[in-house]
$ cat structure_4.tsv   # TSV, N, CA and C atoms
chain	number	residue	atom	x	y	z
A	21	MET	N	9.03	-29.87	17.61
A	21	MET	CA	8.71	-31.26	17.84
A	21	MET	C	7.55	-31.64	16.95
A	22	ARG	N	7.60	-32.81	16.36
A	22	ARG	CA	6.56	-33.28	15.47
A	22	ARG	C	6.09	-34.65	15.95
A	23	TRP	N	4.78	-34.84	15.99
A	23	TRP	CA	4.19	-36.11	16.39
A	23	TRP	C	3.62	-36.79	15.17
A	24	THR	N	3.84	-38.10	15.05
A	24	THR	CA	3.21	-38.88	13.99
A	24	THR	C	2.60	-40.12	14.62
A	25	ASN	N	1.51	-40.58	14.07
A	25	ASN	CA	0.81	-41.76	14.59
A	25	ASN	C	0.61	-42.77	13.48
A	26	GLU	N	0.71	-44.05	13.85
A	26	GLU	CA	0.38	-45.14	12.94
A	26	GLU	C	-0.50	-46.09	13.73
A	27	LYS	N	-1.66	-46.43	13.20
A	27	LYS	CA	-2.56	-47.35	13.89
A	27	LYS	C	-2.39	-48.74	13.30
A	28	HIS	N	-2.26	-49.74	14.17
A	28	HIS	CA	-2.09	-51.13	13.75
A	28	HIS	C	-3.22	-51.96	14.34
A	29	GLY	N	-3.75	-52.90	13.58
A	29	GLY	CA	-4.84	-53.75	14.05
A	29	GLY	C	-6.13	-53.34	13.38
A	30	SER	N	-7.21	-54.05	13.69
A	30	SER	CA	-8.51	-53.73	13.10
A	30	SER	C	-9.29	-52.82	14.03
A	31	ASP	N	-10.26	-52.13	13.49
A	31	ASP	CA	-11.03	-51.18	14.28
A	31	ASP	C	-11.83	-51.84	15.40
A	32	ASP	N	-12.18	-53.13	15.26
A	32	ASP	CA	-13.00	-53.77	16.28
A	32	ASP	C	-12.19	-54.70	17.18
A	33	SER	N	-10.88	-54.58	17.16
A	33	SER	CA	-10.02	-55.47	17.93
A	33	SER	C	-9.53	-54.81	19.20
A	34	ASP	N	-9.41	-55.60	20.25
A	34	ASP	CA	-8.80	-55.11	21.49
A	34	ASP	C	-7.29	-55.05	21.36
A	35	ASP	N	-6.76	-55.60	20.25
A	35	ASP	CA	-5.32	-55.64	20.06
A	35	ASP	C	-4.80	-54.45	19.27
A	36	ASP	N	-5.64	-53.44	19.04
A	36	ASP	CA	-5.19	-52.25	18.32
A	36	ASP	C	-4.01	-51.63	19.07
A	37	GLN	N	-3.03	-51.21	18.31
A	37	GLN	CA	-1.91	-50.50	18.88
A	37	GLN	C	-1.67	-49.26	18.05
A	38	GLU	N	-1.37	-48.21	18.70
A	38	GLU	CA	-1.01	-46.99	18.00
A	38	GLU	C	0.45	-46.73	18.28
A	39	VAL	N	1.26	-46.67	17.24
A	39	VAL	CA	2.68	-46.39	17.38
A	39	VAL	C	2.87	-44.89	17.22
A	40	VAL	N	3.46	-44.27	18.20
A	40	VAL	CA	3.62	-42.82	18.20
A	40	VAL	C	5.09	-42.49	18.09
A	41	HIS	N	5.41	-41.57	17.21
A	41	HIS	CA	6.77	-41.07	17.07
A	41	HIS	C	6.75	-39.59	17.45
A	42	PHE	N	7.76	-39.14	18.14
A	42	PHE	CA	7.94	-37.70	18.22
A	42	PHE	C	9.37	-37.39	17.84
A	43	GLN	N	9.52	-36.32	17.08
A	43	GLN	CA	10.80	-36.03	16.47
A	43	GLN	C	11.25	-34.61	16.78
A	44	MET	N	12.55	-34.50	16.97
A	44	MET	CA	13.23	-33.23	17.08
A	44	MET	C	14.42	-33.34	16.14
A	45	PRO	N	15.06	-32.25	15.77
A	45	PRO	CA	16.21	-32.36	14.87
A	45	PRO	C	17.24	-33.35	15.42
A	46	GLY	N	17.55	-34.38	14.62
A	46	GLY	CA	18.55	-35.36	15.02
A	46	GLY	C	18.05	-36.43	15.97
A	47	LEU	N	16.77	-36.39	16.36
A	47	LEU	CA	16.27	-37.35	17.34
A	47	LEU	C	14.84	-37.72	17.00
A	48	SER	N	14.57	-39.00	17.01
A	48	SER	CA	13.21	-39.49	16.87
A	48	SER	C	13.01	-40.55	17.94
A	49	VAL	N	11.89	-40.50	18.62
A	49	VAL	CA	11.58	-41.50	19.65
A	49	VAL	C	10.30	-42.19	19.24
A	50	ARG	N	10.33	-43.49	19.23
A	50	ARG	CA	9.17	-44.30	18.85
A	50	ARG	C	8.69	-45.05	20.09
A	51	ILE	N	7.40	-44.98	20.36
A	51	ILE	CA	6.82	-45.73	21.47
A	51	ILE	C	6.65	-47.17	20.98
A	52	THR	N	7.31	-48.11	21.64
A	52	THR	CA	7.31	-49.49	21.21
A	52	THR	C	6.49	-50.41	22.10
A	53	ARG	N	6.14	-49.93	23.26
A	53	ARG	CA	5.38	-50.74	24.21
A	53	ARG	C	4.45	-49.82	24.98
A	54	TRP	N	3.22	-50.24	25.15
A	54	TRP	CA	2.25	-49.42	25.88
A	54	TRP	C	1.35	-50.32	26.71
A	55	GLU	N	1.53	-50.30	27.99
A	55	GLU	CA	0.69	-51.04	28.92
A	55	GLU	C	0.15	-50.01	29.91
A	56	PRO	N	-1.09	-49.54	29.70
A	56	PRO	CA	-1.63	-48.48	30.55
A	56	PRO	C	-1.45	-48.79	32.05
A	57	ASN	N	-1.01	-47.78	32.76
A	57	ASN	CA	-0.78	-47.85	34.20
A	57	ASN	C	0.33	-48.81	34.60
A	58	HIS	N	1.13	-49.26	33.63
A	58	HIS	CA	2.21	-50.19	33.97
A	58	HIS	C	3.54	-49.87	33.28
A	59	ALA	N	3.56	-49.75	31.94
A	59	ALA	CA	4.84	-49.60	31.26
A	59	ALA	C	4.71	-48.90	29.92
A	60	MET	N	5.81	-48.24	29.52
A	60	MET	CA	5.93	-47.64	28.20
A	60	MET	C	7.36	-47.88	27.72
A	61	GLY	N	7.51	-48.50	26.55
A	61	GLY	CA	8.82	-48.72	25.97
A	61	GLY	C	9.09	-47.69	24.89
A	62	VAL	N	10.36	-47.32	24.73
A	62	VAL	CA	10.74	-46.34	23.72
A	62	VAL	C	11.96	-46.83	22.94
A	63	GLU	N	12.03	-46.40	21.69
A	63	GLU	CA	13.19	-46.66	20.84
A	63	GLU	C	13.70	-45.31	20.35
A	64	HIS	N	14.98	-45.04	20.54
A	64	HIS	CA	15.60	-43.80	20.05
A	64	HIS	C	16.18	-44.07	18.68
A	65	ILE	N	15.86	-43.19	17.73
A	65	ILE	CA	16.33	-43.32	16.36
A	65	ILE	C	16.94	-41.98	15.98
A	66	GLY	N	18.14	-41.98	15.46
A	66	GLY	CA	18.74	-40.71	15.04
A	66	GLY	C	20.20	-40.65	15.42
A	67	LEU	N	20.64	-39.48	15.86
A	67	LEU	CA	22.05	-39.30	16.22
A	67	LEU	C	22.48	-40.30	17.29
A	68	VAL	N	21.65	-40.46	18.29
A	68	VAL	CA	21.88	-41.43	19.36
A	68	VAL	C	20.78	-42.47	19.24
A	69	THR	N	21.16	-43.74	19.31
A	69	THR	CA	20.17	-44.82	19.20
A	69	THR	C	20.10	-45.57	20.52
A	70	GLY	N	19.06	-46.36	20.68
A	70	GLY	CA	18.93	-47.17	21.87
A	70	GLY	C	17.47	-47.41	22.21
A	71	SER	N	17.27	-47.98	23.38
A	71	SER	CA	15.91	-48.27	23.83
A	71	SER	C	15.82	-48.09	25.32
A	72	GLY	N	14.58	-47.96	25.79
A	72	GLY	CA	14.35	-47.80	27.21
A	72	GLY	C	12.93	-48.18	27.57
A	73	VAL	N	12.69	-48.25	28.85
A	73	VAL	CA	11.34	-48.57	29.33
A	73	VAL	C	11.08	-47.81	30.63
A	74	PHE	N	9.87	-47.28	30.72
A	74	PHE	CA	9.38	-46.64	31.95
A	74	PHE	C	8.41	-47.65	32.57
A	75	THR	N	8.55	-47.95	33.84
A	75	THR	CA	7.60	-48.86	34.49
A	75	THR	C	7.04	-48.23	35.75
A	76	LEU	N	5.80	-48.56	36.05
A	76	LEU	CA	5.12	-48.12	37.26
A	76	LEU	C	4.76	-49.35	38.08
A	77	THR	N	5.10	-49.32	39.36
A	77	THR	CA	4.79	-50.43	40.25
A	77	THR	C	4.12	-49.86	41.50
A	78	ALA	N	2.90	-50.32	41.78
A	78	ALA	CA	2.20	-49.86	42.99
A	78	ALA	C	2.88	-50.48	44.21
A	79	LEU	N	3.28	-49.62	45.15
A	79	LEU	CA	3.89	-50.09	46.39
A	79	LEU	C	2.85	-50.23	47.49
A	80	ASP	N	1.88	-49.34	47.47
A	80	ASP	CA	0.72	-49.41	48.36
A	80	ASP	C	-0.37	-48.54	47.73
A	81	GLU	N	-1.43	-48.26	48.44
A	81	GLU	CA	-2.55	-47.51	47.86
A	81	GLU	C	-2.20	-46.09	47.44
A	82	SER	N	-1.19	-45.51	48.05
A	82	SER	CA	-0.88	-44.11	47.74
A	82	SER	C	0.53	-43.89	47.20
A	83	THR	N	1.28	-44.96	46.97
A	83	THR	CA	2.67	-44.82	46.52
A	83	THR	C	2.92	-45.69	45.30
A	84	THR	N	3.54	-45.08	44.29
A	84	THR	CA	3.89	-45.80	43.07
A	84	THR	C	5.37	-45.57	42.79
A	85	ARG	N	6.07	-46.64	42.48
A	85	ARG	CA	7.47	-46.53	42.09
A	85	ARG	C	7.53	-46.33	40.58
A	86	PHE	N	8.29	-45.32	40.15
A	86	PHE	CA	8.54	-45.03	38.74
A	86	PHE	C	9.98	-45.42	38.46
A	87	GLU	N	10.19	-46.35	37.53
A	87	GLU	CA	11.55	-46.75	37.16
A	87	GLU	C	11.77	-46.47	35.68
A	88	TRP	N	12.95	-46.02	35.37
A	88	TRP	CA	13.32	-45.69	34.01
A	88	TRP	C	14.66	-46.35	33.72
A	89	THR	N	14.68	-47.30	32.81
A	89	THR	CA	15.93	-47.91	32.39
A	89	THR	C	16.12	-47.63	30.91
A	90	GLU	N	17.36	-47.38	30.54
A	90	GLU	CA	17.63	-46.97	29.16
A	90	GLU	C	19.04	-47.35	28.78
A	91	LYS	N	19.23	-47.78	27.55
A	91	LYS	CA	20.54	-48.09	26.99
A	91	LYS	C	20.69	-47.29	25.71
A	92	LEU	N	21.67	-46.41	25.69
A	92	LEU	CA	21.90	-45.55	24.53
A	92	LEU	C	23.24	-45.88	23.89
A	93	THR	N	23.30	-45.74	22.57
A	93	THR	CA	24.54	-45.95	21.82
A	93	THR	C	24.85	-44.66	21.07
A	94	PHE	N	26.04	-44.13	21.30
A	94	PHE	CA	26.49	-42.92	20.64
A	94	PHE	C	27.36	-43.30	19.44
A	95	PRO	N	27.23	-42.58	18.31
A	95	PRO	CA	28.07	-42.88	17.14
A	95	PRO	C	29.53	-42.51	17.43
A	96	TRP	N	30.43	-43.06	16.64
A	96	TRP	CA	31.85	-42.81	16.85
A	96	TRP	C	32.18	-41.33	16.82
A	97	TRP	N	31.50	-40.57	15.96
A	97	TRP	CA	31.83	-39.16	15.82
A	97	TRP	C	31.29	-38.31	16.97
A	98	LEU	N	30.49	-38.93	17.87
A	98	LEU	CA	30.12	-38.27	19.12
A	98	LEU	C	30.86	-38.90	20.30
A	99	GLY	N	31.93	-39.64	19.96
A	99	GLY	CA	32.78	-40.21	21.01
A	99	GLY	C	32.50	-41.66	21.34
A	100	GLY	N	31.54	-42.29	20.67
A	100	GLY	CA	31.26	-43.70	20.93
A	100	GLY	C	30.99	-43.96	22.41
A	101	PRO	N	31.61	-45.00	22.99
A	101	PRO	CA	31.39	-45.32	24.40
A	101	PRO	C	31.84	-44.21	25.36
A	102	ILE	N	32.91	-43.50	25.00
A	102	ILE	CA	33.37	-42.40	25.85
A	102	ILE	C	32.36	-41.25	25.78
A	103	GLY	N	31.86	-40.96	24.59
A	103	GLY	CA	30.82	-39.94	24.44
A	103	GLY	C	29.56	-40.33	25.19
A	104	ALA	N	29.24	-41.64	25.18
A	104	ALA	CA	28.06	-42.11	25.93
A	104	ALA	C	28.26	-41.89	27.42
A	105	PHE	N	29.47	-42.13	27.89
A	105	PHE	CA	29.73	-41.92	29.32
A	105	PHE	C	29.63	-40.45	29.68
A	106	VAL	N	30.34	-39.61	28.93
A	106	VAL	CA	30.32	-38.17	29.22
A	106	VAL	C	28.94	-37.59	28.95
A	107	GLY	N	28.38	-37.88	27.77
A	107	GLY	CA	27.08	-37.33	27.41
A	107	GLY	C	25.95	-37.90	28.24
A	108	GLY	N	25.97	-39.22	28.47
A	108	GLY	CA	24.89	-39.87	29.21
A	108	GLY	C	25.01	-39.75	30.71
A	109	LYS	N	26.20	-39.99	31.22
A	109	LYS	CA	26.37	-40.02	32.67
A	109	LYS	C	26.52	-38.62	33.27
A	110	VAL	N	27.04	-37.70	32.51
A	110	VAL	CA	27.29	-36.36	33.06
A	110	VAL	C	26.25	-35.35	32.57
A	111	VAL	N	26.18	-35.15	31.26
A	111	VAL	CA	25.33	-34.10	30.70
A	111	VAL	C	23.85	-34.49	30.76
A	112	LEU	N	23.50	-35.63	30.16
A	112	LEU	CA	22.09	-36.01	30.11
A	112	LEU	C	21.52	-36.34	31.48
A	113	ARG	N	22.34	-36.87	32.38
A	113	ARG	CA	21.84	-37.20	33.71
A	113	ARG	C	21.23	-35.98	34.40
A	114	SER	N	21.88	-34.82	34.29
A	114	SER	CA	21.32	-33.62	34.93
A	114	SER	C	20.03	-33.19	34.24
A	115	ILE	N	19.97	-33.34	32.92
A	115	ILE	CA	18.74	-33.01	32.19
A	115	ILE	C	17.62	-33.96	32.62
A	116	TRP	N	17.92	-35.27	32.68
A	116	TRP	CA	16.91	-36.27	33.05
A	116	TRP	C	16.42	-36.07	34.48
A	117	ARG	N	17.34	-35.74	35.37
A	117	ARG	CA	16.92	-35.49	36.77
A	117	ARG	C	15.95	-34.33	36.85
A	118	GLY	N	16.22	-33.27	36.10
A	118	GLY	CA	15.29	-32.14	36.06
A	118	GLY	C	13.95	-32.55	35.48
A	119	ASN	N	13.98	-33.34	34.39
A	119	ASN	CA	12.74	-33.83	33.79
A	119	ASN	C	11.96	-34.69	34.78
A	120	LEU	N	12.65	-35.56	35.51
A	120	LEU	CA	11.97	-36.42	36.48
A	120	LEU	C	11.40	-35.62	37.65
A	121	ARG	N	12.10	-34.58	38.08
A	121	ARG	CA	11.55	-33.71	39.14
A	121	ARG	C	10.27	-33.04	38.68
A	122	ARG	N	10.27	-32.55	37.43
A	122	ARG	CA	9.07	-31.91	36.89
A	122	ARG	C	7.94	-32.93	36.72
A	123	LEU	N	8.26	-34.15	36.30
A	123	LEU	CA	7.25	-35.20	36.18
A	123	LEU	C	6.67	-35.54	37.55
A	124	ALA	N	7.52	-35.66	38.56
A	124	ALA	CA	7.05	-35.96	39.92
A	124	ALA	C	6.12	-34.84	40.42
A	125	ALA	N	6.47	-33.59	40.15
A	125	ALA	CA	5.63	-32.48	40.58
A	125	ALA	C	4.28	-32.53	39.89
A	126	LEU	N	4.26	-32.85	38.59
A	126	LEU	CA	2.98	-32.99	37.87
A	126	LEU	C	2.14	-34.11	38.46
A	127	CYS	N	2.76	-35.23	38.74
A	127	CYS	CA	2.01	-36.37	39.31
A	127	CYS	C	1.47	-36.04	40.69
A	128	GLU	N	2.26	-35.37	41.50
A	128	GLU	CA	1.81	-35.03	42.85
A	128	GLU	C	0.67	-34.02	42.81
A	129	ARG	N	0.71	-33.08	41.86
A	129	ARG	CA	-0.39	-32.11	41.73
A	129	ARG	C	-1.66	-32.78	41.27
A	130	ALA	N	-1.52	-33.86	40.48
A	130	ALA	CA	-2.70	-34.56	39.96
A	130	ALA	C	-3.47	-35.30	41.05
A	131	ASN	N	-2.79	-35.58	42.14
A	131	ASN	CA	-3.46	-36.31	43.23
A	131	ASN	C	-4.12	-35.35	44.13
$ encode --input "structure_4.tsv" --output "structure tokens"
Amino acid sequence: MRWTNEKHGSDDSDDDQEVVHFQMPGLSVRITRWEPNHAMGVEHIGLVTGSGVFTLTALDESTTRFEWTEKLTFPWWLGGPIGAFVGGKVVLRSIWRGNLRRLAALCERAN
């Protein structure tokens, strides 16, 4: 995995944004939105393209809802919409669920 950073804005501005990319073979993810304690947007670039957003919503003083929405597009040679269904709904869903369980465990340990 490789991380790259690009800083946008002036050094004395509150509007500075740092665009972060992380790359793996065939996959690059670019952070497109960053609202601390609220949201992070991502853009997938590579074999599979698309975008998504992670949002945090406080439900009460001790509970936060984490929502993840994402739209991916698979190329024709990976099955197009059928590949997206099989790859996204079946294969990636189990990977994402495991990732979310590990994220939840990290968050719970932090409290």
$ atom_distance --input "structure_4.tsv" --atom1 "atom N of Glu55 (chain A)" --atom2 "atom C of Ser71 (chain A)"
14.7 Å
$ atom_distance --input "structure_4.tsv" --atom1 "atom C of Arg53 (chain A)" --atom2 "atom N of Leu76 (chain A)"
11.2 Å
$ atom_distance --input "structure_4.tsv" --atom1 "CA of Ala125 (chain A)" --atom2 "CA of Ser82 (chain A)"
15.1 Å
$ residues_around --input "structure_4.tsv" --residues "Gly72 (chain A)" --least-positions-apart "6" --cutoff "6 Å" --atoms "all atoms listed in the file" --output "list in words"
Met60, Gly61, Val62, Glu63, Thr89, Glu90 and Lys91 of chain A
$ residues_around --input "structure_4.tsv" --residues "Gly107 (chain A)" --least-positions-apart "4" --cutoff "12 Å" --atoms "only C-alpha atoms" --output "list in words"
Val68, Leu92, Thr93, Phe94, Pro95, Leu98, Gly99, Gly100, Pro101, Ile102, Gly103, Val111, Leu112, Arg113, Ser114, Ile115 and Trp116 of chain A
$ closest_residue --input "structure_4.tsv" --among "A:Val49, A:His64, A:Asn57, A:Trp96" --to "Ala78 (chain A)" --atoms "only C-alpha atoms"
A:Asn57
$ closest_residue --input "structure_4.tsv" --among "A:Asn119, A:Arg129, A:Ala124, A:Gly66" --to "Phe86 (chain A)" --atoms "only C-alpha atoms"
A:Ala124
$ select_by_dssp --input "structure_4.tsv" --residues "region 61-127 of chain A" --states "alpha helix (DSSP H)" --output "number ranges by chain"
A: 100-104, 113-127
$ decode --input "structure_4.tsv" --residues "region 102-129 of chain A" --atoms "N, CA and C atoms" --output "PDB file, in the first residue's frame"
ATOM      1  N   ILE A 102     -23.339  -7.448 -13.647  1.00  0.00           N
ATOM      2  CA  ILE A 102     -23.432  -8.781 -13.035  1.00  0.00           C
ATOM      3  C   ILE A 102     -22.223  -9.010 -12.128  1.00  0.00           C
ATOM      4  N   GLY A 103     -21.048  -8.603 -12.589  1.00  0.00           N
ATOM      5  CA  GLY A 103     -19.846  -8.693 -11.759  1.00  0.00           C
ATOM      6  C   GLY A 103     -19.972  -7.837 -10.518  1.00  0.00           C
ATOM      7  N   ALA A 104     -20.612  -6.660 -10.658  1.00  0.00           N
ATOM      8  CA  ALA A 104     -20.828  -5.784  -9.499  1.00  0.00           C
ATOM      9  C   ALA A 104     -21.743  -6.464  -8.491  1.00  0.00           C
ATOM     10  N   PHE A 105     -22.763  -7.150  -8.996  1.00  0.00           N
ATOM     11  CA  PHE A 105     -23.678  -7.839  -8.076  1.00  0.00           C
ATOM     12  C   PHE A 105     -22.962  -8.976  -7.359  1.00  0.00           C
ATOM     13  N   VAL A 106     -22.305  -9.841  -8.132  1.00  0.00           N
ATOM     14  CA  VAL A 106     -21.609 -10.981  -7.529  1.00  0.00           C
ATOM     15  C   VAL A 106     -20.437 -10.509  -6.678  1.00  0.00           C
ATOM     16  N   GLY A 107     -19.598  -9.633  -7.247  1.00  0.00           N
ATOM     17  CA  GLY A 107     -18.419  -9.155  -6.523  1.00  0.00           C
ATOM     18  C   GLY A 107     -18.773  -8.262  -5.354  1.00  0.00           C
ATOM     19  N   GLY A 108     -19.732  -7.353  -5.555  1.00  0.00           N
ATOM     20  CA  GLY A 108     -20.094  -6.400  -4.504  1.00  0.00           C
ATOM     21  C   GLY A 108     -21.039  -6.957  -3.470  1.00  0.00           C
ATOM     22  N   LYS A 109     -22.071  -7.635  -3.929  1.00  0.00           N
ATOM     23  CA  LYS A 109     -23.098  -8.110  -3.001  1.00  0.00           C
ATOM     24  C   LYS A 109     -22.707  -9.401  -2.294  1.00  0.00           C
ATOM     25  N   VAL A 110     -21.899 -10.207  -2.925  1.00  0.00           N
ATOM     26  CA  VAL A 110     -21.560 -11.504  -2.335  1.00  0.00           C
ATOM     27  C   VAL A 110     -20.145 -11.497  -1.754  1.00  0.00           C
ATOM     28  N   VAL A 111     -19.150 -11.263  -2.596  1.00  0.00           N
ATOM     29  CA  VAL A 111     -17.756 -11.380  -2.170  1.00  0.00           C
ATOM     30  C   VAL A 111     -17.343 -10.207  -1.284  1.00  0.00           C
ATOM     31  N   LEU A 112     -17.478  -8.985  -1.793  1.00  0.00           N
ATOM     32  CA  LEU A 112     -17.016  -7.827  -1.030  1.00  0.00           C
ATOM     33  C   LEU A 112     -17.830  -7.590   0.234  1.00  0.00           C
ATOM     34  N   ARG A 113     -19.116  -7.939   0.217  1.00  0.00           N
ATOM     35  CA  ARG A 113     -19.941  -7.737   1.407  1.00  0.00           C
ATOM     36  C   ARG A 113     -19.352  -8.464   2.618  1.00  0.00           C
ATOM     37  N   SER A 114     -18.887  -9.692   2.430  1.00  0.00           N
ATOM     38  CA  SER A 114     -18.312 -10.423   3.567  1.00  0.00           C
ATOM     39  C   SER A 114     -16.997  -9.780   4.014  1.00  0.00           C
ATOM     40  N   ILE A 115     -16.216  -9.276   3.068  1.00  0.00           N
ATOM     41  CA  ILE A 115     -14.972  -8.583   3.420  1.00  0.00           C
ATOM     42  C   ILE A 115     -15.295  -7.308   4.190  1.00  0.00           C
ATOM     43  N   TRP A 116     -16.271  -6.523   3.687  1.00  0.00           N
ATOM     44  CA  TRP A 116     -16.641  -5.263   4.339  1.00  0.00           C
ATOM     45  C   TRP A 116     -17.212  -5.491   5.732  1.00  0.00           C
ATOM     46  N   ARG A 117     -18.012  -6.532   5.877  1.00  0.00           N
ATOM     47  CA  ARG A 117     -18.565  -6.833   7.213  1.00  0.00           C
ATOM     48  C   ARG A 117     -17.453  -7.132   8.206  1.00  0.00           C
ATOM     49  N   GLY A 118     -16.462  -7.889   7.777  1.00  0.00           N
ATOM     50  CA  GLY A 118     -15.315  -8.163   8.642  1.00  0.00           C
ATOM     51  C   GLY A 118     -14.567  -6.883   8.980  1.00  0.00           C
ATOM     52  N   ASN A 119     -14.359  -6.025   7.964  1.00  0.00           N
ATOM     53  CA  ASN A 119     -13.692  -4.743   8.198  1.00  0.00           C
ATOM     54  C   ASN A 119     -14.476  -3.890   9.180  1.00  0.00           C
ATOM     55  N   LEU A 120     -15.796  -3.852   9.031  1.00  0.00           N
ATOM     56  CA  LEU A 120     -16.632  -3.050   9.933  1.00  0.00           C
ATOM     57  C   LEU A 120     -16.627  -3.614  11.353  1.00  0.00           C
ATOM     58  N   ARG A 121     -16.602  -4.927  11.495  1.00  0.00           N
ATOM     59  CA  ARG A 121     -16.500  -5.529  12.837  1.00  0.00           C
ATOM     60  C   ARG A 121     -15.195  -5.133  13.509  1.00  0.00           C
ATOM     61  N   ARG A 122     -14.095  -5.168  12.738  1.00  0.00           N
ATOM     62  CA  ARG A 122     -12.800  -4.767  13.289  1.00  0.00           C
ATOM     63  C   ARG A 122     -12.781  -3.274  13.626  1.00  0.00           C
ATOM     64  N   LEU A 123     -13.398  -2.447  12.791  1.00  0.00           N
ATOM     65  CA  LEU A 123     -13.490  -1.014  13.076  1.00  0.00           C
ATOM     66  C   LEU A 123     -14.304  -0.771  14.342  1.00  0.00           C
ATOM     67  N   ALA A 124     -15.428  -1.465  14.489  1.00  0.00           N
ATOM     68  CA  ALA A 124     -16.259  -1.315  15.694  1.00  0.00           C
ATOM     69  C   ALA A 124     -15.470  -1.715  16.941  1.00  0.00           C
ATOM     70  N   ALA A 125     -14.703  -2.795  16.857  1.00  0.00           N
ATOM     71  CA  ALA A 125     -13.905  -3.232  18.001  1.00  0.00           C
ATOM     72  C   ALA A 125     -12.866  -2.186  18.362  1.00  0.00           C
ATOM     73  N   LEU A 126     -12.216  -1.587  17.350  1.00  0.00           N
ATOM     74  CA  LEU A 126     -11.235  -0.520  17.619  1.00  0.00           C
ATOM     75  C   LEU A 126     -11.900   0.677  18.283  1.00  0.00           C
ATOM     76  N   CYS A 127     -13.054   1.060  17.791  1.00  0.00           N
ATOM     77  CA  CYS A 127     -13.765   2.220  18.371  1.00  0.00           C
ATOM     78  C   CYS A 127     -14.198   1.941  19.800  1.00  0.00           C
ATOM     79  N   GLU A 128     -14.678   0.744  20.058  1.00  0.00           N
ATOM     80  CA  GLU A 128     -15.128   0.400  21.409  1.00  0.00           C
ATOM     81  C   GLU A 128     -13.953   0.350  22.375  1.00  0.00           C
ATOM     82  N   ARG A 129     -12.792  -0.130  21.917  1.00  0.00           N
ATOM     83  CA  ARG A 129     -11.614  -0.147  22.788  1.00  0.00           C
ATOM     84  C   ARG A 129     -11.128   1.253  23.100  1.00  0.00           C
TER      85      ARG A 129
END
